[in-house]
file structure.txt (compact mmCIF, C-alpha atoms)
# COMPACT_ATOMS: atom_id res chain seq x y z
CA MET F 1 30.01 -12.72 -5.39
CA THR F 2 27.96 -10.55 -7.71
CA SER F 3 26.63 -13.60 -9.49
CA ILE F 4 25.47 -15.08 -6.17
CA CYS F 5 23.66 -11.84 -5.39
CA ARG F 6 22.04 -11.83 -8.82
CA LEU F 7 21.02 -15.42 -8.38
CA ALA F 8 19.53 -14.69 -4.98
CA LEU F 9 17.63 -11.72 -6.37
CA LEU F 10 16.39 -13.70 -9.34
CA GLY F 11 15.37 -16.49 -6.98
CA SER F 12 13.47 -14.03 -4.81
CA CYS F 13 11.64 -12.67 -7.84
CA TRP F 14 10.63 -16.11 -9.10
CA LEU F 15 9.53 -17.23 -5.68
CA SER F 16 7.59 -14.03 -5.25
CA LEU F 17 5.81 -14.81 -8.51
CA LEU F 18 5.01 -18.26 -7.17
CA LEU F 19 3.61 -16.68 -4.05
CA VAL F 20 1.63 -14.22 -6.03
CA PHE F 21 -0.03 -16.91 -8.09
CA SER F 22 -0.85 -19.11 -5.10
CA PRO F 23 -3.41 -17.27 -2.98
CA PRO F 24 -6.97 -16.25 -3.83
CA PRO F 25 -7.24 -12.80 -5.42
CA THR F 26 -8.27 -9.71 -3.54
CA PHE F 27 -9.07 -6.30 -4.94
CA ALA F 28 -6.55 -3.71 -3.86
CA GLN F 29 -7.37 -0.02 -3.73
CA GLU F 30 -3.87 1.35 -4.14
CA ASN F 31 -2.71 4.91 -4.59
CA PRO F 32 -0.65 5.70 -7.70
CA TYR F 33 2.37 7.26 -5.99
CA PHE F 34 5.94 5.99 -6.36
CA VAL F 35 7.65 8.38 -3.94
CA ALA F 36 4.96 10.11 -1.87
CA TYR F 37 3.01 8.26 0.83
CA ASP F 38 -0.58 8.86 1.87
CA HIS F 39 -2.01 7.99 5.30
CA TYR F 40 -3.56 4.68 4.32
CA LEU F 41 -1.80 1.66 5.78
CA GLU F 42 -1.92 -1.95 4.72
CA GLU F 43 -4.99 -3.82 6.01
CA PRO F 44 -4.10 -5.89 9.11
CA GLY F 45 -2.79 -9.35 8.28
CA ASN F 46 -2.39 -8.64 4.56
CA LEU F 47 0.91 -8.91 2.71
CA GLU F 48 1.48 -6.89 -0.43
CA ILE F 49 4.27 -7.96 -2.77
CA GLU F 50 5.43 -5.23 -5.13
CA TYR F 51 7.99 -4.88 -7.87
CA PHE F 52 9.05 -1.47 -9.19
CA SER F 53 11.42 -0.28 -11.92
CA THR F 54 12.94 3.10 -12.66
CA PHE F 55 14.61 3.89 -15.96
CA GLY F 56 16.69 7.04 -15.69
CA THR F 57 18.60 9.10 -18.21
CA GLN F 58 22.08 10.33 -17.32
CA ARG F 59 23.86 13.32 -18.86
CA SER F 60 27.57 12.67 -19.52
CA GLY F 61 27.11 9.07 -18.42
CA ASN F 62 25.24 5.83 -18.92
CA ASP F 63 21.48 5.54 -18.48
CA PHE F 64 20.36 3.09 -15.82
CA HIS F 65 17.55 0.79 -14.80
CA ALA F 66 17.04 0.51 -11.05
CA PHE F 67 14.59 -1.99 -9.57
CA TRP F 68 13.31 -2.98 -6.18
CA GLY F 69 10.96 -5.44 -4.53
CA GLU F 70 8.77 -4.55 -1.57
CA PHE F 71 7.09 -6.82 0.97
CA GLU F 72 4.53 -4.74 2.82
CA TYR F 73 2.71 -6.24 5.79
CA GLY F 74 -0.16 -4.82 7.82
CA ALA F 75 0.86 -5.70 11.37
CA THR F 76 -2.15 -3.84 12.83
CA ALA F 77 -4.59 -1.22 11.55
CA TRP F 78 -2.17 1.44 12.88
CA TRP F 79 1.21 -0.12 11.97
CA THR F 80 2.57 -1.25 8.60
CA ALA F 81 6.02 -2.78 8.19
CA GLU F 82 7.85 -3.05 4.87
CA PHE F 83 11.02 -4.74 3.64
CA TYR F 84 12.78 -3.73 0.42
CA LEU F 85 15.47 -5.32 -1.73
CA ASP F 86 17.14 -2.96 -4.21
CA GLY F 87 19.31 -3.41 -7.29
CA GLN F 88 20.27 -1.62 -10.47
CA SER F 89 21.73 -2.11 -13.94
CA THR F 90 23.78 0.65 -15.49
CA PHE F 91 24.02 0.33 -19.25
CA GLN F 92 27.53 -0.51 -20.48
CA ASP F 93 28.57 -1.09 -16.90
CA SER F 94 27.10 -3.82 -14.65
CA THR F 95 24.17 -5.08 -12.60
CA VAL F 96 24.52 -4.86 -8.84
CA PHE F 97 22.53 -5.62 -5.73
CA THR F 98 22.48 -2.35 -3.82
CA GLY F 99 21.00 -3.18 -0.43
CA PHE F 100 17.90 -3.48 1.69
CA ARG F 101 15.57 -1.23 3.65
CA TRP F 102 13.31 -1.83 6.64
CA GLU F 103 10.46 0.62 6.93
CA ASN F 104 7.68 1.16 9.49
CA ARG F 105 4.71 3.48 9.33
CA PHE F 106 2.58 4.35 12.36
CA ARG F 107 -0.77 6.04 12.49
CA PRO F 108 -1.04 7.87 15.83
CA LEU F 109 -4.67 9.03 15.64
CA LYS F 110 -7.64 6.73 16.07
CA ARG F 111 -10.01 8.53 13.75
CA GLU F 112 -10.03 10.24 10.39
CA HIS F 113 -9.36 13.99 10.47
CA PHE F 114 -9.03 16.76 7.94
CA ILE F 115 -5.24 16.22 8.08
CA ASN F 116 -4.04 12.76 9.04
CA PRO F 117 -0.48 12.34 10.29
CA VAL F 118 1.58 9.17 9.88
CA PHE F 119 5.08 8.67 11.32
CA TYR F 120 7.59 6.87 9.15
CA VAL F 121 10.85 5.31 10.36
CA GLU F 122 13.24 3.51 8.02
CA TYR F 123 16.64 1.87 8.29
CA GLU F 124 18.62 1.58 5.06
CA ASN F 125 21.64 -0.66 4.52
CA LYS F 126 22.78 0.09 1.00
CA ASN F 127 25.87 0.84 -1.04
CA GLY F 128 26.77 3.93 -3.02
CA ALA F 129 25.48 2.40 -6.27
CA ASP F 130 21.86 2.68 -5.10
CA ARG F 131 19.80 4.42 -7.81
CA ILE F 132 16.19 3.65 -7.07
CA LEU F 133 15.49 7.33 -6.34
CA LYS F 134 12.77 6.40 -3.87
CA GLU F 135 13.18 9.81 -2.27
CA GLY F 136 14.86 13.14 -2.89
CA GLU F 137 17.11 14.21 -0.04
CA GLY F 138 19.92 16.57 0.87
CA HIS F 139 22.13 17.63 -2.01
CA ASP F 140 21.60 14.51 -4.15
CA VAL F 141 22.24 15.55 -7.76
CA GLU F 142 22.51 13.82 -11.12
CA SER F 143 26.31 14.03 -11.25
CA ASP F 144 26.52 11.74 -8.17
CA PHE F 145 25.62 8.90 -10.52
CA LEU F 146 28.64 9.37 -12.80
CA VAL F 147 30.73 7.07 -10.63
CA SER F 148 31.07 3.51 -11.99
CA ASN F 149 29.25 0.71 -10.19
CA ALA F 150 32.50 -0.96 -9.19
CA GLU F 151 33.65 2.20 -7.46
CA ALA F 152 30.27 3.27 -6.05
CA ARG F 153 29.46 -0.07 -4.41
CA LYS F 154 32.57 0.16 -2.25
CA GLU F 155 30.79 2.83 -0.22
CA ARG F 156 28.61 1.29 2.49
CA ILE F 157 25.72 3.43 3.74
CA HIS F 158 23.78 2.88 6.95
CA GLU F 159 21.03 5.44 7.09
CA ILE F 160 18.04 6.27 9.27
CA GLU F 161 15.21 8.07 7.55
CA LEU F 162 12.29 9.75 9.28
CA LYS F 163 9.21 11.16 7.58
CA LEU F 164 6.16 13.03 8.70
CA ILE F 165 3.31 12.20 6.34
CA LEU F 166 0.36 14.59 6.36
CA SER F 167 -2.46 13.45 4.15
CA SER F 168 -6.05 14.53 3.50
CA THR F 169 -8.86 13.10 1.45
CA PHE F 170 -11.47 15.53 0.24
CA ASN F 171 -14.17 15.01 -2.41
CA GLY F 172 -12.37 11.95 -3.74
CA TRP F 173 -9.04 13.78 -3.96
CA ASN F 174 -6.08 12.74 -1.88
CA PHE F 175 -3.53 15.42 -1.03
CA THR F 176 -0.37 14.40 0.73
CA GLU F 177 2.73 16.17 1.98
CA ASN F 178 5.78 14.26 3.19
CA THR F 179 8.67 15.92 5.02
CA LEU F 180 11.85 13.87 5.22
CA ALA F 181 14.89 13.94 7.49
CA ALA F 182 17.66 11.40 6.85
CA LYS F 183 20.87 10.73 8.74
CA ASN F 184 23.77 8.72 7.41
CA LEU F 185 25.05 7.03 10.58
CA SER F 186 28.68 7.60 9.58
CA ASN F 187 28.83 11.07 11.08
CA SER F 188 27.14 12.95 8.22
CA PRO F 189 24.74 15.84 8.83
CA TRP F 190 20.97 15.46 8.77
CA GLU F 191 19.61 15.83 5.24
CA PHE F 192 16.14 16.98 4.31
CA GLY F 193 13.68 16.44 1.50
CA TYR F 194 10.03 16.60 0.58
CA ALA F 195 7.39 14.87 -1.51
CA LEU F 196 3.98 16.20 -2.47
CA GLY F 197 1.18 14.28 -4.13
CA ALA F 198 -2.38 14.70 -5.35
CA SER F 199 -4.52 11.95 -6.84
CA ARG F 200 -8.12 11.00 -7.53
CA PRO F 201 -9.97 7.98 -8.94
CA LEU F 202 -11.32 8.68 -12.43
CA ALA F 203 -14.84 7.91 -11.12
CA LEU F 204 -16.13 8.12 -7.56
CA LYS F 205 -19.11 5.78 -7.79
CA ALA F 206 -18.55 2.05 -8.23
CA SER F 207 -20.18 0.27 -11.11
CA ALA F 208 -22.96 -2.22 -10.41
CA LYS F 209 -21.24 -4.67 -12.77
CA ARG F 210 -17.86 -6.34 -12.48
CA CYS F 211 -15.49 -4.70 -14.89
CA THR F 212 -11.80 -4.33 -15.57
CA LEU F 213 -11.78 -1.05 -17.47
CA CYS F 214 -14.29 0.87 -15.32
CA PRO F 215 -13.02 4.38 -14.58
CA GLN F 216 -13.20 3.79 -10.80
CA ASN F 217 -10.39 1.23 -11.18
CA PHE F 218 -7.99 3.94 -12.37
CA VAL F 219 -6.40 6.48 -10.06
CA GLY F 220 -4.56 9.38 -11.66
CA GLY F 221 -2.49 12.11 -10.12
CA VAL F 222 0.80 13.90 -9.88
CA GLU F 223 3.70 13.90 -7.44
CA MET F 224 6.61 16.24 -6.90
CA TYR F 225 9.69 15.52 -4.84
CA GLY F 226 13.20 16.72 -4.20
CA GLY F 227 15.92 17.59 -1.72
CA LEU F 228 16.07 20.49 0.71
CA GLY F 229 19.76 20.46 1.56
CA ASP F 230 21.24 19.53 4.89
CA ARG F 231 21.67 20.89 8.40
CA HIS F 232 24.59 23.12 7.39
CA ASN F 233 23.13 24.31 4.10
CA PHE F 234 19.35 24.14 4.17
CA GLY F 235 17.44 25.23 1.06
CA LEU F 236 17.16 24.59 -2.65
CA HIS F 237 20.79 25.29 -3.55
CA ASP F 238 22.44 22.25 -5.23
CA THR F 239 19.37 20.06 -4.98
CA SER F 240 17.36 18.08 -7.53
CA HIS F 241 13.59 18.15 -8.04
CA TYR F 242 11.11 16.13 -10.08
CA LEU F 243 7.54 16.43 -11.25
CA ALA F 244 5.80 13.20 -12.25
CA PRO F 245 2.29 12.40 -13.45
CA VAL F 246 1.24 9.03 -12.00
CA LEU F 247 -1.42 6.48 -12.87
CA ALA F 248 -2.53 3.29 -11.09
CA TRP F 249 -4.83 0.63 -12.45
CA ASN F 250 -6.41 -1.58 -9.78
CA LEU F 251 -7.52 -4.74 -11.56
CA PRO F 252 -10.37 -6.87 -10.20
CA SER F 253 -8.02 -9.87 -10.35
CA GLY F 254 -6.09 -8.36 -7.45
CA TRP F 255 -3.19 -6.93 -9.40
CA THR F 256 -2.26 -3.26 -9.39
CA LEU F 257 -0.24 -1.72 -12.20
CA ARG F 258 1.41 1.68 -11.84
CA ILE F 259 3.19 3.91 -14.30
CA SER F 260 4.81 7.33 -14.05
CA SER F 261 6.95 9.56 -16.22
CA GLY F 262 9.05 11.94 -14.16
CA PHE F 263 10.70 15.09 -15.41
CA GLY F 264 13.69 16.79 -13.83
CA LEU F 265 12.93 20.39 -12.91
CA ASN F 266 16.47 21.78 -12.81
CA HIS F 267 19.93 21.11 -14.19
CA ASN F 268 20.85 18.99 -11.14
CA SER F 269 18.06 16.51 -11.88
CA HIS F 270 17.97 13.58 -14.29
CA ARG F 271 16.12 14.78 -17.36
CA PHE F 272 13.67 11.88 -17.43
CA LEU F 273 12.64 9.06 -15.10
CA MET F 274 10.28 6.38 -16.35
CA ARG F 275 8.82 4.27 -13.56
CA TRP F 276 6.50 1.31 -13.58
CA GLY F 277 5.41 -1.22 -11.02
CA VAL F 278 3.23 -4.22 -10.38
CA SER F 279 1.85 -5.40 -7.07
CA ARG F 280 -0.45 -8.00 -5.62
CA GLU F 281 -2.03 -8.27 -2.20
CA ILE F 282 -2.31 -11.53 -0.27
CA THR F 283 -5.20 -11.34 2.17
CA GLY F 284 -5.02 -13.06 5.51
CA PHE F 285 -1.32 -13.79 5.16
CA GLY F 286 -0.68 -13.28 8.87
CA SER F 287 -3.40 -15.69 10.00
CA MET F 288 -2.30 -18.30 7.42
CA VAL F 289 1.21 -18.28 8.82
CA SER F 290 -0.08 -18.17 12.38
CA ARG F 291 -2.29 -21.23 11.86
CA LEU F 292 0.53 -23.17 10.26
CA PHE F 293 2.58 -22.59 13.35
CA GLY F 294 -0.19 -23.79 15.65
CA GLY F 295 -2.22 -20.61 16.05
CA ARG F 296 -6.00 -20.55 16.49
CA LYS F 297 -8.05 -22.21 13.73
CA MET I 1 29.13 -10.65 2.20
CA LYS I 2 26.31 -9.31 4.40
CA ALA I 3 24.34 -8.41 1.30
CA ILE I 4 24.67 -11.93 -0.05
CA ALA I 5 23.57 -13.38 3.27
CA ALA I 6 20.56 -11.05 3.37
CA ALA I 7 19.53 -11.92 -0.19
CA LEU I 8 19.89 -15.64 0.45
CA ALA I 9 17.92 -15.36 3.69
CA VAL I 10 15.08 -13.62 1.89
CA SER I 11 15.10 -16.21 -0.90
CA THR I 12 14.91 -19.04 1.63
CA SER I 13 12.13 -17.30 3.54
CA LEU I 14 10.16 -16.84 0.36
CA LEU I 15 10.52 -20.52 -0.48
CA ALA I 16 9.30 -21.47 2.98
CA VAL I 17 6.33 -19.14 2.70
CA SER I 18 5.29 -20.48 -0.72
CA ILE I 19 5.33 -24.02 0.68
CA LEU I 20 3.26 -22.90 3.66
CA LEU I 21 0.78 -21.21 1.38
CA ALA I 22 0.43 -24.33 -0.74
CA GLN I 23 -0.35 -26.35 2.40
CA GLU I 24 -2.78 -23.70 3.52
CA ARG I 25 -4.66 -23.91 0.24
CA ASN I 26 -5.28 -27.59 0.87
CA SER I 27 -6.49 -26.91 4.39
CA ASP I 28 -9.02 -24.41 2.98
CA LYS I 29 -11.00 -27.36 1.66
CA GLN I 30 -12.07 -28.30 5.18
CA PRO I 31 -15.72 -27.68 6.08
CA VAL I 32 -16.46 -24.15 7.24
CA ALA I 33 -16.97 -23.86 10.97
CA ALA I 34 -19.95 -21.98 12.46
CA ALA I 35 -19.44 -18.24 12.76
CA PRO I 36 -17.95 -17.32 16.12
CA LYS I 37 -20.03 -15.49 18.71
CA TYR I 38 -19.08 -11.98 19.72
CA ASP I 39 -19.31 -9.96 22.82
CA PRO I 40 -22.15 -7.49 22.09
CA ALA I 41 -19.82 -4.78 23.36
CA ILE I 42 -17.99 -4.96 20.04
CA TYR I 43 -20.93 -3.18 18.43
CA ALA I 44 -20.65 -0.35 20.97
CA GLU I 45 -18.37 1.46 18.54
CA LEU I 46 -21.50 2.34 16.58
CA GLN I 47 -22.76 4.34 19.55
CA LYS I 48 -19.70 6.58 19.36
CA ALA I 49 -20.84 8.23 16.13
CA PRO I 50 -21.43 11.95 16.72
CA GLU I 51 -24.98 13.22 16.40
CA LYS I 52 -24.24 15.13 13.21
CA ALA I 53 -22.74 12.08 11.52
CA ARG I 54 -25.56 9.86 12.74
CA ASN I 55 -28.19 12.07 11.15
CA ARG I 56 -26.63 12.17 7.70
CA ALA I 57 -28.93 10.76 5.05
CA ASN I 58 -27.65 8.41 2.37
CA PRO I 59 -27.53 10.44 -0.86
CA LEU I 60 -27.78 7.17 -2.81
CA GLN I 61 -30.86 5.95 -0.94
CA ASN I 62 -32.89 5.96 -4.16
CA ASP I 63 -30.13 4.84 -6.50
CA PRO I 64 -31.32 1.55 -7.99
CA ASP I 65 -27.76 0.33 -8.61
CA ALA I 66 -26.36 1.14 -5.18
CA VAL I 67 -27.04 -2.25 -3.55
CA ALA I 68 -25.52 -4.23 -6.43
CA ALA I 69 -22.47 -1.94 -6.53
CA GLY I 70 -22.18 -2.13 -2.74
CA ALA I 71 -22.30 -5.94 -2.90
CA ILE I 72 -19.30 -5.97 -5.24
CA LEU I 73 -17.44 -3.51 -3.01
CA PHE I 74 -18.25 -5.65 0.03
CA GLU I 75 -16.88 -8.74 -1.67
CA GLN I 76 -13.72 -6.88 -2.71
CA HIS I 77 -12.92 -5.13 0.55
CA CYS I 78 -14.92 -6.51 3.48
CA ALA I 79 -15.72 -10.20 2.92
CA GLU I 80 -12.21 -11.34 3.76
CA CYS I 81 -12.76 -10.34 7.42
CA HIS I 82 -16.55 -10.21 7.83
CA GLY I 83 -17.29 -13.32 5.73
CA ASP I 84 -18.77 -13.70 2.25
CA SER I 85 -22.31 -13.24 3.56
CA ALA I 86 -21.38 -10.88 6.40
CA GLU I 87 -21.84 -13.82 8.76
CA GLY I 88 -18.70 -12.91 10.72
CA THR I 89 -15.39 -14.69 11.05
CA ARG I 90 -12.67 -15.06 13.66
CA LYS I 91 -11.31 -11.69 12.49
CA ALA I 92 -14.38 -9.49 12.43
CA PRO I 93 -17.97 -9.53 13.71
CA ARG I 94 -21.20 -10.55 12.05
CA LEU I 95 -23.01 -7.68 10.36
CA ARG I 96 -26.42 -9.36 10.07
CA VAL I 97 -27.33 -8.32 13.61
CA PRO I 98 -29.86 -5.81 14.94
CA ASP I 99 -27.11 -3.46 16.20
CA VAL I 100 -25.92 -2.95 12.64
CA GLN I 101 -29.25 -3.22 10.90
CA THR I 102 -30.93 -0.66 13.15
CA ALA I 103 -28.04 1.77 12.98
CA THR I 104 -28.69 4.83 10.82
CA PRO I 105 -27.00 5.00 7.41
CA GLY I 106 -25.01 7.95 8.73
CA THR I 107 -23.67 5.87 11.63
CA LEU I 108 -22.48 3.09 9.32
CA PHE I 109 -20.92 5.65 6.98
CA TRP I 110 -19.12 7.24 9.93
CA LEU I 111 -17.76 3.87 11.09
CA LEU I 112 -16.56 2.98 7.60
CA THR I 113 -14.86 6.35 7.25
CA ASN I 114 -13.08 6.26 10.61
CA GLY I 115 -12.58 2.54 11.12
CA VAL I 116 -11.90 1.17 14.58
CA VAL I 117 -8.16 1.38 14.25
CA ARG I 118 -7.33 0.05 17.72
CA LYS I 119 -9.52 -3.02 17.10
CA LYS I 120 -8.19 -4.01 13.65
CA MET I 121 -10.89 -2.32 11.54
CA PRO I 122 -9.02 -0.16 9.02
CA VAL I 123 -9.99 3.31 7.92
CA TRP I 124 -11.95 3.06 4.67
CA SER I 125 -11.92 6.70 3.67
CA LYS I 126 -9.68 5.68 0.81
CA LEU I 127 -12.87 4.54 -0.86
CA PRO I 128 -14.51 7.65 -2.32
CA GLU I 129 -17.61 8.87 -0.47
CA PRO I 130 -20.15 7.56 -3.01
CA GLN I 131 -18.62 4.07 -2.74
CA ARG I 132 -18.92 4.15 1.05
CA TRP I 133 -22.60 5.10 0.70
CA GLN I 134 -23.04 2.22 -1.76
CA LEU I 135 -21.56 -0.10 0.86
CA VAL I 136 -23.97 1.28 3.46
CA ARG I 137 -26.91 0.57 1.14
CA PHE I 138 -25.70 -3.01 0.76
CA LEU I 139 -25.19 -3.48 4.51
CA LYS I 140 -28.66 -2.17 5.26
CA SER I 141 -30.10 -4.50 2.65
CA LEU I 142 -28.76 -7.58 4.47
CA GLY I 143 -31.30 -7.44 7.25
CA GLY I 144 -34.22 -6.15 5.19
CA PRO I 145 -37.54 -7.93 4.96
CA THR I 146 -36.88 -9.15 1.40
CA PRO I 147 -33.20 -10.03 1.32
CA ALA I 148 -33.62 -12.14 -1.80
CA ALA I 149 -34.54 -9.06 -3.81
CA GLU I 150 -31.42 -7.24 -2.70
CA SER I 151 -28.95 -10.08 -2.49
CA PRO I 152 -25.39 -9.58 -3.79
CA ALA I 153 -25.00 -9.37 -7.54
CA PRO I 154 -24.34 -12.81 -9.02
CA LYS I 155 -20.84 -13.53 -10.23
CA PRO I 156 -20.54 -13.59 -14.01
call {"tool": "encode", "arguments": {"input": "structure.txt", "output": "structure tokens"}}
result
Amino acid sequence: MTSICRLALLGSCWLSLLLVFSPPPTFAQENPYFVAYDHYLEEPGNLEIEYFSTFGTQRSGNDFHAFWGEFEYGATAWWTAEFYLDGQSTFQDSTVFTGFRWENRFRPLKREHFINPVFYVEYENKNGADRILKEGEGHDVESDFLVSNAEARKERIHEIELKLILSSTFNGWNFTENTLAAKNLSNSPWEFGYALGASRPLALKASAKRCTLCPQNFVGGVEMYGGLGDRHNFGLHDTSHYLAPVLAWNLPSGWTLRISSGFGLNHNSHRFLMRWGVSREITGFGSMVSRLFGGRK
Amino acid sequence: MKAIAAALAVSTSLLAVSILLAQERNSDKQPVAAAPKYDPAIYAELQKAPEKARNRANPLQNDPDAVAAGAILFEQHCAECHGDSAEGTRKAPRLRVPDVQTATPGTLFWLLTNGVVRKKMPVWSKLPEPQRWQLVRFLKSLGGPTPAAESPAPKP
């Protein structure tokens, strides 16, 4: 069964690569965050295919490499939908498919304001071996990951996650604050978490020449995230927290590369998380599909 | 079992999509149809710019590189919907029209910043302010008396 899952995942990755190489390039202006979200949604009709990796160290256990693919679609200018497939490899243990997520982000306000809210709703269907650390929530701590993959994947998790994203852009800087509330549907209490981010392009003016290494193509910043306990025990007690410098490079060819080194801020956190990612945007994906199914030319 | 089914479903979907995209690439070779006509009311969004925003001057008005930089930005972010020469497409209106060309730089900057979210135009405040002003310079250059002198920068 595991080999079928691996095969399916591998197949998805290869086919994604095929997809990525097929369409004409478009320049993406992506933020550098891995965990935090800003208020910018995917452009309507565009599909962004993303691959991300997280290498994490583990005290008293085996280090791991978690990975996930994202398919992000701009349904309208105020609604973005996203589908994730997650997996992980634990060194000296095994590689497992850990589940999928279905995420939606909604922008309630028509215009740009000093603070721009976005509502986030996500359904997660994953197993206990999930290690992508896409958010910090509740009392998640490093020692949770000491369980072997074979044991951890027996636990099935159906979770609803809600976020309020408050983001501002000022003088080229983006500041974002995400508040998270997550509920495991198997009668667990609400858990809470946060993510904060700040980022800025290395140059604000665009160059009059086409270039790959121009400073305006790089966006640097920092993000911080962690858990805030649960409904019965709200606060910082028994929670993990991370601080991570982040960097994105938006290439004129349409690719975006991201890298981040995260550092655990307390003894409950993994000491070090190395993340990297690559993404590519397909413009006009929605209208392509629509026309192929008989939509307007 | 459900996980396997989900992974296989996604793989199959991806295969279908890649085939569709390949077909679509071939269909792109068809001659380009004339730009669609728009209800003039679509430009009414420009009238919604507040007075203060409308009166803002372009700080890059005298920057000699602004039009060329704006042309590259337009190609990267706007041409997909508005057309390579801003001639308009099925998705978004023509920008070489008097409503746009007579609008003040501040009005165009305001529209870029806020988008028209309910009518598919995204918010472009993720582009830093100077880049939005560069785009405004380019847009204003489209309807100028000597467009050849301020045409988009040639591709290398």
call {"tool": "closest_residue", "arguments": {"input": "structure.txt", "among": "F:Glu112, F:Glu72, F:Asp238, F:Glu103", "to": "Phe285 of chain F", "atoms": "only C-alpha atoms"}}
result
F:Glu72
call {"tool": "residues_around", "arguments": {"input": "structure.txt", "residues": "segment 117-128 of chain I", "least_positions_apart": "4", "cutoff": "8 Å", "atoms": "all atoms listed in the file", "output": "PyMOL selection string"}}
result
(chain F and resi 29+40+43-44+76-78+110-112+169+171-172+204-205) or (chain I and resi 112-113+132)
call {"tool": "residues_around", "arguments": {"input": "structure.txt", "residues": "segment 100-111 of chain I", "least_positions_apart": "5", "cutoff": "7 Å", "atoms": "all atoms listed in the file", "output": "PDB file with C-alpha atoms, keeping the file's coordinate frame"}}
result
ATOM      1  CA  LEU I  46     -21.500   2.340  16.580  1.00  0.00           C
ATOM      2  CA  ALA I  49     -20.840   8.230  16.130  1.00  0.00           C
ATOM      3  CA  ALA I  53     -22.740  12.080  11.520  1.00  0.00           C
ATOM      4  CA  ARG I  54     -25.560   9.860  12.740  1.00  0.00           C
ATOM      5  CA  ASN I  55     -28.190  12.070  11.150  1.00  0.00           C
ATOM      6  CA  ARG I  56     -26.630  12.170   7.700  1.00  0.00           C
ATOM      7  CA  ALA I  57     -28.930  10.760   5.050  1.00  0.00           C
ATOM      8  CA  ASN I  58     -27.650   8.410   2.370  1.00  0.00           C
ATOM      9  CA  LEU I  95     -23.010  -7.680  10.360  1.00  0.00           C
ATOM     10  CA  ARG I 132     -18.920   4.150   1.050  1.00  0.00           C
ATOM     11  CA  TRP I 133     -22.600   5.100   0.700  1.00  0.00           C
ATOM     12  CA  VAL I 136     -23.970   1.280   3.460  1.00  0.00           C
ATOM     13  CA  LYS I 140     -28.660  -2.170   5.260  1.00  0.00           C
ATOM     14  CA  GLY I 143     -31.300  -7.440   7.250  1.00  0.00           C
TER      15      GLY I 143
END
call {"tool": "atom_distance", "arguments": {"input": "structure.txt", "atom1": "atom CA of Gly83 of chain I", "atom2": "atom CA of Leu139 of chain I"}}
result
12.7 Å
call {"tool": "residues_around", "arguments": {"input": "structure.txt", "residues": "Asp63 of chain I", "least_positions_apart": "3", "cutoff": "12 Å", "atoms": "all atoms listed in the file", "output": "NGL selection string"}}
result
(:F and (205 or 207-208)) or (:I and (58-60 or 66-70 or 130 or 133-134 or 137-138))
call {"tool": "closest_residue", "arguments": {"input": "structure.txt", "among": "I:Ser85, I:Val97, I:Lys52, I:Ile42", "to": "Ile72 of chain I", "atoms": "all atoms listed in the file"}}
result
I:Ser85
call {"tool": "residues_around", "arguments": {"input": "structure.txt", "residues": "Glu137 of chain F", "least_positions_apart": "5", "cutoff": "7 Å", "atoms": "only C-alpha atoms", "output": "number ranges by chain"}}
result
F: 191-193, 226-229
call {"tool": "closest_residue", "arguments": {"input": "structure.txt", "among": "F:Phe91, F:Phe55, F:Phe119, F:Trp173", "to": "chain I", "atoms": "all atoms listed in the file"}}
result
F:Trp173
call {"tool": "atom_distance", "arguments": {"input": "structure.txt", "atom1": "atom CA of Ser269 of chain F", "atom2": "atom CA of Thr239 of chain F"}}
result
7.9 Å
call {"tool": "closest_residue", "arguments": {"input": "structure.txt", "among": "F:Met274, F:Ala203, F:Val246, F:Leu196", "to": "Pro215 of chain F", "atoms": "only C-alpha atoms"}}
result
F:Ala203
call {"tool": "closest_residue", "arguments": {"input": "structure.txt", "among": "F:Lys134, F:His65, F:Arg210, F:Lys183", "to": "Glu75 of chain I", "atoms": "all atoms listed in the file"}}
result
F:Arg210
call {"tool": "atom_distance", "arguments": {"input": "structure.txt", "atom1": "atom CA of Leu135 of chain I", "atom2": "atom CA of Asn174 of chain F"}}
result
20.3 Å
call {"tool": "residues_around", "arguments": {"input": "structure.txt", "residues": "Asn125 of chain F", "least_positions_apart": "6", "cutoff": "12 Å", "atoms": "all atoms listed in the file", "output": "number ranges by chain"}}
result
F: 83-86, 97-103, 153, 155-161, 184-186; I: 2-3, 6
call {"tool": "closest_residue", "arguments": {"input": "structure.txt", "among": "I:Ala79, I:Leu142, I:Arg94, I:Glu87", "to": "chain F", "atoms": "only C-alpha atoms"}}
result
I:Ala79
call {"tool": "axis_aligned_box", "arguments": {"input": "structure.txt", "around": "segment 282-289 of chain F", "padding_each_side": "3 Å", "output": "lines of an AutoDock Vina configuration file"}}
result
center_x = -2.0
center_y = -14.8
center_z = 4.9
size_x = 12.4
size_y = 13.0
size_z = 16.3
call {"tool": "residues_near_point", "arguments": {"input": "structure.txt", "point": "(-14.5, -9.6, 8.0)", "cutoff": "7 Å", "atoms": "only C-alpha atoms", "output": "PyMOL selection string"}}
result
chain I and resi 78-83+88-89+91-93
